[in-house]
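Enquirer: final13.txt is reproduced in full below (compact mmCIF, C-alpha atoms).
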```txt
# COMPACT_ATOMS: atom_id res chain seq x y z
CA SER A 55 -3.45 39.91 44.44
CA ALA A 56 -1.87 42.49 42.13
CA VAL A 57 1.55 43.77 41.08
CA ARG A 58 2.94 46.79 39.28
CA VAL A 59 3.95 45.97 35.70
CA THR A 60 6.11 48.04 33.38
CA ALA A 61 7.02 47.35 29.75
CA LEU A 62 10.42 48.74 28.82
CA ARG A 63 11.67 49.46 25.33
CA LEU A 64 15.00 47.90 24.36
CA SER A 65 16.55 51.30 25.15
CA GLY A 66 15.34 50.94 28.76
CA GLU A 67 12.71 53.68 28.46
CA PRO A 68 9.23 52.81 29.73
CA ALA A 69 6.78 52.17 26.90
CA TRP A 70 3.87 51.35 29.22
CA GLY A 71 3.35 51.50 32.96
CA PRO A 72 3.95 51.08 35.69
CA GLU A 73 0.36 49.90 36.01
CA VAL A 74 -1.22 47.82 38.76
CA VAL A 75 -2.34 44.53 37.24
CA LYS A 76 -3.94 41.43 38.76
CA LEU A 77 -1.82 38.27 38.86
CA SER A 78 -4.64 36.55 36.96
CA THR A 79 -4.01 38.81 33.94
CA LYS A 80 -3.08 36.88 30.80
CA ILE A 81 0.03 37.75 28.82
CA SER A 82 -2.17 38.24 25.73
CA GLU A 83 -4.15 40.88 27.66
CA LEU A 84 -0.93 42.68 28.62
CA GLN A 85 0.21 42.60 25.00
CA LYS A 86 -3.03 44.31 23.96
CA LEU A 87 -2.64 47.00 26.64
CA VAL A 88 0.98 47.69 25.70
CA ALA A 89 0.22 47.62 21.97
CA ALA A 90 -2.55 50.19 22.41
CA ALA A 91 -0.19 52.46 24.36
CA ILE A 92 2.41 52.39 21.59
CA ASP A 93 -0.13 52.44 18.73
CA GLN A 94 0.81 49.04 17.39
CA HIS A 95 -1.15 45.87 16.66
CA ALA A 96 -1.06 43.36 19.52
CA CYS A 97 0.05 40.47 17.29
CA ALA A 98 3.25 42.41 16.51
CA THR A 99 4.01 43.08 20.20
CA ARG A 100 6.22 40.76 22.24
CA LEU A 101 6.95 40.87 25.96
CA ALA A 102 9.99 39.14 27.41
CA LEU A 103 11.12 38.33 30.91
CA GLY A 104 14.84 37.82 30.80
CA SER A 105 15.47 35.61 27.78
CA ARG A 106 11.97 34.12 27.79
CA VAL A 107 9.47 35.53 25.28
CA LEU A 108 6.03 35.46 26.86
CA ARG A 109 2.87 34.71 24.91
CA GLY A 110 -0.65 33.54 25.03
CA GLU A 111 -2.92 32.35 27.73
CA GLU A 112 -0.42 32.12 30.58
CA THR A 113 -1.11 34.48 33.45
CA LEU A 114 1.38 36.48 35.46
CA GLN A 115 0.87 33.98 38.26
CA ASP A 116 1.48 31.05 35.87
CA ILE A 117 4.93 32.42 34.97
CA GLY A 118 5.87 32.89 38.60
CA ILE A 119 5.41 36.64 39.06
CA GLN A 120 4.97 37.46 42.75
CA GLU A 121 6.18 41.05 42.91
CA ASP A 122 6.49 44.14 40.72
CA VAL A 123 8.04 43.31 37.36
CA GLU A 124 9.55 44.95 34.30
CA PHE A 125 9.12 43.22 30.96
CA THR A 126 11.16 43.99 27.88
CA LEU A 127 9.10 45.05 24.88
CA SER A 128 10.02 44.08 21.36
CA SER A 129 8.10 44.81 18.21
CA MET A 130 7.92 43.12 14.88
CA GLY A 131 6.41 44.26 11.62
CA LEU A 132 2.98 43.04 10.58
CA GLN A 133 4.50 40.87 7.84
CA ALA A 134 6.75 39.12 10.36
CA ALA A 135 3.82 38.72 12.76
CA ALA A 136 1.72 37.24 9.97
CA LEU A 137 4.51 34.83 9.08
CA GLU A 138 4.87 33.76 12.71
CA GLN A 139 1.13 33.14 13.08
CA TYR A 140 1.06 31.32 9.75
CA LEU A 141 3.92 29.02 10.79
CA VAL A 142 2.17 28.22 14.08
CA PHE A 143 -0.97 27.50 12.07
CA LEU A 144 0.95 25.20 9.72
CA GLU A 145 2.32 23.22 12.66
CA THR A 146 -1.17 22.94 14.12
CA ILE A 147 -2.80 21.94 10.84
CA GLN A 148 -0.10 19.37 10.12
CA PHE A 149 -0.64 17.78 13.52
CA SER A 150 -4.45 17.94 13.26
CA THR A 151 -4.46 16.72 9.66
CA GLY A 152 -2.18 13.85 10.63
CA LEU A 153 -4.60 12.77 13.36
CA VAL A 154 -7.62 13.05 11.06
CA TRP A 155 -5.78 11.30 8.24
CA SER A 156 -4.57 8.40 10.38
CA THR A 157 -8.02 7.96 11.98
CA ALA A 158 -9.70 7.97 8.57
CA LYS A 159 -7.19 5.46 7.19
CA ARG A 160 -7.76 3.16 10.17
CA LYS A 161 -11.48 3.32 9.52
CA ASN A 162 -10.88 2.78 5.77
CA THR A 163 -12.87 5.91 4.90
CA ILE A 164 -10.21 7.44 2.61
CA GLN A 165 -7.74 6.33 -0.02
CA ASP A 166 -4.05 7.29 0.07
CA ASP A 167 -4.40 9.51 -3.01
CA GLU A 168 -7.49 11.40 -1.83
CA PRO A 169 -6.83 15.18 -1.62
CA LEU A 170 -7.35 17.14 1.57
CA ALA A 171 -9.99 19.88 1.72
CA LEU A 172 -8.59 23.41 1.82
CA GLU A 173 -11.63 25.07 3.40
CA ASP A 174 -10.18 25.04 6.93
CA VAL A 175 -6.85 26.38 5.71
CA GLU A 176 -8.55 29.21 3.81
CA GLN A 177 -10.69 30.11 6.84
CA ARG A 178 -7.62 30.27 9.09
CA ILE A 179 -5.74 32.46 6.61
CA ALA A 180 -8.75 34.81 6.48
CA PHE A 181 -8.76 34.90 10.29
CA ILE A 182 -5.05 35.76 10.41
CA ARG A 183 -5.57 38.55 7.85
CA SER A 184 -8.39 40.03 9.91
CA GLU A 185 -6.41 39.75 13.16
CA ILE A 186 -3.44 41.69 11.81
CA GLY A 187 -5.58 44.12 9.82
CA VAL A 188 -4.30 43.47 6.32
CA GLU A 189 -6.25 42.70 3.17
CA ALA A 190 -3.84 40.06 1.94
CA ILE A 191 -0.99 38.08 3.39
CA PRO A 192 2.13 38.60 1.25
CA ALA A 193 2.66 35.84 -1.34
CA GLU A 194 5.94 34.70 0.25
CA VAL A 195 4.08 34.11 3.53
CA GLU A 196 0.91 32.55 2.12
```
Show the structure stored in the file as structure tokens.

Expert:
Amino acid sequence: SAVRVTALRLSGEPAWGPEVVKLSTKISELQKLVAAAIDQHACATRLALGSRVLRGEETLQDIGIQEDVEFTLSSMGLQAAALEQYLVFLETIQFSTGLVWSTAKRKNTIQDDEPLALEDVEQRIAFIRSEIGVEAIPAEVE
């Protein structure tokens, strides 16, 4: 099944659409389509339905869309997008590191003062830089 989707600027003007889209379309896919239409990077493009900002792997069907819909488009600068992705990464790494750390401590394979490897952090930062198309993440973000 499919619906007509439109992305409206904050002014109410259409930025993209209306386009017929399958209900199985992911929000991230819509962000890429809208971003291309407005010549902006997808990571700096946000779609909202009412007060809810939509992101990621949810599909139109997952968020309850059953008929034609208009999303509100908002844009952020690349620096703000990088900061947002970096903060999500920090939350993820803190959770993951905590699990690894507690498992290793239970197995007595590390000491409390043993430093953590930075290789995974550096790889993720490189990935974020490549995703947003910048050579370096600003010092205040990194």

Enquirer: Identify, on the basis of all atoms listed in the file, every residue whose closest approach to Ser82 (chain A) does not exceed 10 Å; exclude the query and any residue fewer than 5 positions from it along the same chain; express the result as a list in words.

Expert: Leu87, Val88, Ala96, Cys97, Thr99, Arg100, Leu101, Leu108, Arg109, Gly110, Glu111, Glu112 and Thr113 of chain A

Enquirer: Those selected residues, please, written with C-alpha atoms and delivered as a compact mmCIF listing (two decimals), in the frame of the given file.

Expert:
```txt
# COMPACT_ATOMS: atom_id res chain seq x y z
CA LEU A 87 -2.64 47.00 26.64
CA VAL A 88 0.98 47.69 25.70
CA ALA A 96 -1.06 43.36 19.52
CA CYS A 97 0.05 40.47 17.29
CA THR A 99 4.01 43.08 20.20
CA ARG A 100 6.22 40.76 22.24
CA LEU A 101 6.95 40.87 25.96
CA LEU A 108 6.03 35.46 26.86
CA ARG A 109 2.87 34.71 24.91
CA GLY A 110 -0.65 33.54 25.03
CA GLU A 111 -2.92 32.35 27.73
CA GLU A 112 -0.42 32.12 30.58
CA THR A 113 -1.11 34.48 33.45
```

Enquirer: Could you state the separation of CA of Glu124 (chain A) and CA of Glu83 (chain A) in Å, given to one decimal place?

Expert: 15.8 Å

Enquirer: Counting all atoms listed in the file, which residues sit no farther than 10 Å from the position (-0.7, 29.9, 34.0) in the file's frame? I'd like them as a PyMOL selection string.

Expert: chain A and resi 77-81+110-118

Enquirer: Once you have the residues from the selection above, write them out as an mmCIF file, in the coordinates of the input, restricted to C-alpha atoms.

Expert:
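Okay, this is what ended up in again19.cif:
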```cif
data_model
loop_
_atom_site.group_PDB
_atom_site.id
_atom_site.type_symbol
_atom_site.label_atom_id
_atom_site.label_comp_id
_atom_site.auth_asym_id
_atom_site.auth_seq_id
_atom_site.Cartn_x
_atom_site.Cartn_y
_atom_site.Cartn_z
ATOM 1 C CA LEU A 77 -1.820 38.270 38.860
ATOM 2 C CA SER A 78 -4.640 36.550 36.960
ATOM 3 C CA THR A 79 -4.010 38.810 33.940
ATOM 4 C CA LYS A 80 -3.080 36.880 30.800
ATOM 5 C CA ILE A 81 0.030 37.750 28.820
ATOM 6 C CA GLY A 110 -0.650 33.540 25.030
ATOM 7 C CA GLU A 111 -2.920 32.350 27.730
ATOM 8 C CA GLU A 112 -0.420 32.120 30.580
ATOM 9 C CA THR A 113 -1.110 34.480 33.450
ATOM 10 C CA LEU A 114 1.380 36.480 35.460
ATOM 11 C CA GLN A 115 0.870 33.980 38.260
ATOM 12 C CA ASP A 116 1.480 31.050 35.870
ATOM 13 C CA ILE A 117 4.930 32.420 34.970
ATOM 14 C CA GLY A 118 5.870 32.890 38.600
#
```

Enquirer: Quick one: residues within 12 Å of Ala91 (chain A), all atoms listed in the file counted, chain neighbours fewer than 3 positions away excluded, as a short mmCIF file (atom, residue, chain, number, x, y, z; two decimals) with C-alpha atoms, in the frame of the given file?

Expert:
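around_0.cif, written as the output of this step:
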```
data_model
loop_
_atom_site.label_atom_id
_atom_site.label_comp_id
_atom_site.auth_asym_id
_atom_site.auth_seq_id
_atom_site.Cartn_x
_atom_site.Cartn_y
_atom_site.Cartn_z
CA THR A 60 6.11 48.04 33.38
CA ALA A 61 7.02 47.35 29.75
CA PRO A 68 9.23 52.81 29.73
CA ALA A 69 6.78 52.17 26.90
CA TRP A 70 3.87 51.35 29.22
CA GLY A 71 3.35 51.50 32.96
CA GLU A 73 0.36 49.90 36.01
CA LEU A 84 -0.93 42.68 28.62
CA GLN A 85 0.21 42.60 25.00
CA LYS A 86 -3.03 44.31 23.96
CA LEU A 87 -2.64 47.00 26.64
CA VAL A 88 0.98 47.69 25.70
CA GLN A 94 0.81 49.04 17.39
CA HIS A 95 -1.15 45.87 16.66
CA ALA A 96 -1.06 43.36 19.52
CA THR A 99 4.01 43.08 20.20
CA LEU A 127 9.10 45.05 24.88
#
```

Enquirer: Could you tell me how far CA of Val75 (chain A) lies from CA of Ala102 (chain A), in Å and to one decimal?

Expert: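 Separation of CA of Val75 (chain A) and CA of Ala102 (chain A): 16.7 Å.
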
Enquirer: Which residues, protein or nucleic acid, reach to within 7 Å of (-3.5, 40.7, 44.0) in the file's coordinates when using all atoms listed in the file, and can you give that as a ChimeraX atom specification?

Expert: /A:55-57,76-77

Enquirer: Could you tell me how far CA of Val123 (chain A) sits from CA of Leu103 (chain A), in Å to one decimal place?

Expert: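 Calculated distance between CA of Leu103 (chain A) and CA of Val123 (chain A) is 8.7 Å.
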
Enquirer: Of the candidates A:Arg58, A:Asp93, A:Ser128, A:Gln120, which shows the shortest atom-to-atom distance to Ser105 (chain A), using only C-alpha atoms?

Expert: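 Nearest to Ser105 (chain A): A:Ser128.
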